[in-house]
Structures are given as structure tokens and as C-alpha cells.
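This report refers to the structure that appears directly beneath it.
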Amino acid sequence: MAVHDDCKLRFLELKAKRNFRYIVFKIEAQQVLIEKLGNPDETYEDFTCSLPADECRYAVFDFDFITAENCQKSKIFFIAWSPDTSNVRSKMVYASSKDRFKRELDGIQFELQATDPSEMSIDIVKDRAI
């Protein structure tokens with residue numbers, strides 16, 4: 001599975017320059033490509049709505065929060081979205097390519113695997129980050 005160079009470049013922009021809130025990736029023609037870039041002012045809800053209900057995707061989300069000590073922090077989440085309603089072949093392709101793709105994105109702090117929206121709710125993200 002090839003990873004398009006743009007995937008790595010945009011991830012570096014998200015990590016270093018904070019140009020994006022999230023990036024949604026898809027596999028097409030044996031290559032990981034960018035499907036959507038989320039503006040910095042978009043919310044977690046905007047992000048979850050951008051994931052298709054019946055197709056697998058990879059995504060990274062830059063989660064901002066304030067600690068108990070009142071410090072502004074940010075954590076980068078890698079999300080493997082594999083809904084129950086997606087086809088079996090697609091699930092297998094995404095599952096077998098995940099680790100290799102994730103290695104290309106240096107700076108991921110947390111990983112979530114979700115098969116329905118409840119498995120990646122904002123509360124779960126907050127609990128993992130804090």
C-alpha cells in the first residue's frame with residue numbers, strides 16, 4: 001500500500017503549523033489519499049460528520065483541551081473508522097494497512113478504533129487525552 005506524499009506533508013502542517021483541525025484519509029487504487037482537510041475552526045462534531053456512515057477511513061484529529069492546572073494542551077489522535085455496515089473487503093484492506101500508514105505519520109499520540117460513532121464520542125477522546 002503506497003502513501004501519497006501529500007498525506008505526510010499535510011500531517012506535518014497539522015502538527016507543526018496547526019493549519020488543519022483534522023484530516024480524513026481514504027484508500028483508493030492501492031494508495032492512501034487525503035479525502036478532506038478540516039479548517040482550524042471546525043469542531044469535533046464537524047469531524048465526525050465528515051466520516052461516511054458505511055465506508056472505512058483513517059483520520060487524524062488535533063484535540064485541544066485545558067488541563068486541571070489551566071494549561072492549554074493539544075493531542076493528536078489517529079482514528080481508524082471501520083463501521084459495521086462497510087463491506088468486508090474494505091475492512092480487511094484498512095485493517096491490514098493501518099500500522100504501516102500510522103508509521104508514516106510521526107507524532108500520533110493516541111489511537112482510537114471505532115465501528116460506530118459511540119466508540120469515538122467526544123467524552124472518550126477527552127478521557128484519553130487528559
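Numbering starts fresh at 1 for the residues of each chain in the C-alpha cells, the chains themselves are lettered A, B, ... in the order given, and ligands are numbered from 1 as they appear.
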
Counting only C-alpha atoms, what is within 7 Å of Trp81 of chain A, bar same-chain residues fewer than 6 positions away, as a PDB file with C-alpha atoms, in the first residue's frame?
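The file below, result_36.pdb, is the result:
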ATOM      1  CA  CYS A  56     -13.874   2.791   6.219  1.00  0.00           C
ATOM      2  CA  ARG A  57     -11.476   5.708   6.675  1.00  0.00           C
ATOM      3  CA  TYR A  58      -8.363   6.757   8.563  1.00  0.00           C
ATOM      4  CA  GLN A 113     -10.596   2.250  16.637  1.00  0.00           C
ATOM      5  CA  ALA A 114     -14.288   2.754  16.069  1.00  0.00           C
ATOM      6  CA  THR A 115     -17.039   0.752  14.396  1.00  0.00           C
TER       7      THR A 115
END

Exercise. So which one's closest to Ala80 of chain A, A:Ser97, A:Ser50, A:Ser118, A:Gln109? Using only C-alpha atoms, please.
Worked result: A:Ser97

Residues of chain A in helix (DSSP H, G or I), written as a PDB file with C-alpha atoms, in the first residue's frame:
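Final output, out-v8.pdb:
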ATOM      1  CA  ASP A   5       3.379  12.321  -0.236  1.00  0.00           C
ATOM      2  CA  ASP A   6       0.626  14.882   0.304  1.00  0.00           C
ATOM      3  CA  CYS A   7      -0.630  12.814   3.266  1.00  0.00           C
ATOM      4  CA  LYS A   8       2.667  13.235   5.096  1.00  0.00           C
ATOM      5  CA  LEU A   9       3.061  16.909   4.169  1.00  0.00           C
ATOM      6  CA  ARG A  10      -0.425  17.868   5.315  1.00  0.00           C
ATOM      7  CA  PHE A  11       0.018  15.900   8.544  1.00  0.00           C
ATOM      8  CA  LEU A  12       3.226  17.843   9.263  1.00  0.00           C
ATOM      9  CA  GLU A  13       1.287  21.073   8.674  1.00  0.00           C
ATOM     10  CA  LEU A  14      -1.414  19.946  11.114  1.00  0.00           C
ATOM     11  CA  LYS A  15       1.215  19.021  13.699  1.00  0.00           C
ATOM     12  CA  ALA A  16       3.608  21.970  13.387  1.00  0.00           C
ATOM     13  CA  LYS A  17       1.603  24.859  11.977  1.00  0.00           C
ATOM     14  CA  TYR A  44     -15.134  17.553  16.734  1.00  0.00           C
ATOM     15  CA  GLU A  45     -18.763  17.263  15.635  1.00  0.00           C
ATOM     16  CA  ASP A  46     -17.832  18.635  12.180  1.00  0.00           C
ATOM     17  CA  PHE A  47     -15.121  15.994  12.042  1.00  0.00           C
ATOM     18  CA  THR A  48     -17.375  13.062  12.980  1.00  0.00           C
ATOM     19  CA  CYS A  49     -19.976  14.222  10.447  1.00  0.00           C
ATOM     20  CA  VAL A  88     -15.773  -6.949   4.499  1.00  0.00           C
ATOM     21  CA  ARG A  89     -13.077  -6.476   1.850  1.00  0.00           C
ATOM     22  CA  SER A  90     -12.768  -2.796   2.706  1.00  0.00           C
ATOM     23  CA  LYS A  91     -12.464  -3.590   6.419  1.00  0.00           C
ATOM     24  CA  MET A  92      -9.697  -6.090   5.674  1.00  0.00           C
ATOM     25  CA  VAL A  93      -7.750  -3.650   3.478  1.00  0.00           C
ATOM     26  CA  TYR A  94      -7.933  -0.862   6.071  1.00  0.00           C
ATOM     27  CA  ALA A  95      -7.062  -3.188   8.966  1.00  0.00           C
ATOM     28  CA  SER A  96      -4.037  -4.683   7.188  1.00  0.00           C
ATOM     29  CA  SER A  97      -2.672  -1.275   6.077  1.00  0.00           C
ATOM     30  CA  LYS A  98      -3.233   0.656   9.312  1.00  0.00           C
ATOM     31  CA  ASP A  99       0.066   0.066  11.092  1.00  0.00           C
ATOM     32  CA  ARG A 100       2.176   0.832   8.041  1.00  0.00           C
ATOM     33  CA  PHE A 101       0.254   4.050   7.368  1.00  0.00           C
ATOM     34  CA  LYS A 102       0.404   5.115  11.003  1.00  0.00           C
ATOM     35  CA  ARG A 103       4.198   4.741  10.989  1.00  0.00           C
ATOM     36  CA  GLU A 104       4.335   7.330   8.194  1.00  0.00           C
ATOM     37  CA  PRO A 117     -19.939   6.814  16.474  1.00  0.00           C
ATOM     38  CA  SER A 118     -20.414   5.937  20.157  1.00  0.00           C
ATOM     39  CA  GLU A 119     -16.913   4.389  20.208  1.00  0.00           C
ATOM     40  CA  MET A 120     -15.328   7.727  19.339  1.00  0.00           C
ATOM     41  CA  ILE A 122     -16.006  13.440  22.475  1.00  0.00           C
ATOM     42  CA  ASP A 123     -16.149  12.074  26.039  1.00  0.00           C
ATOM     43  CA  ILE A 124     -13.938   9.113  25.073  1.00  0.00           C
ATOM     44  CA  VAL A 125     -11.469  11.470  23.369  1.00  0.00           C
ATOM     45  CA  LYS A 126     -11.378  13.740  26.444  1.00  0.00           C
ATOM     46  CA  ASP A 127     -10.829  10.780  28.793  1.00  0.00           C
ATOM     47  CA  ARG A 128      -7.905   9.522  26.710  1.00  0.00           C
ATOM     48  CA  ALA A 129      -6.260  12.947  26.357  1.00  0.00           C
TER      49      ALA A 129
END

Exercise. Which residue out of A:Arg18, A:Asp106, A:Ile27, A:Leu112 has the minimum interatomic distance to Ile79 of chain A when only C-alpha atoms are used?
Worked result: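 Selected residue with least distance to Ile79 of chain A: A:Leu112.
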
For this session: Go ahead and compute the interatomic distance for atom CA of Val24 of chain A and atom CA of Phe65 of chain A, in Å to one decimal.
Result: 21.1 Å

For this session: Compare A:Met1, A:Ala53, A:Phe110, A:Leu105 by their minimum atom-to-atom distance to Gln31 of chain A, counting only C-alpha atoms, and give me the closest one.
Result: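 Smallest distance to Gln31 of chain A is found for A:Met1.
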
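As for atom CA of Asp84 of chain A and atom CA of Ser121 of chain A, they are spaced 16.5 Å apart.
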
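Residue nearest Glu111 of chain A, chosen from A:Ile130, A:Ile66, A:Ala2, A:Ile76 and counting only C-alpha atoms: A:Ile76.
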
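In terms of minimum interatomic distance to Glu55 of chain A, A:Asn87 ranks closest within A:Thr43, A:Asn87, A:Gln72, A:Thr67, counting only C-alpha atoms.
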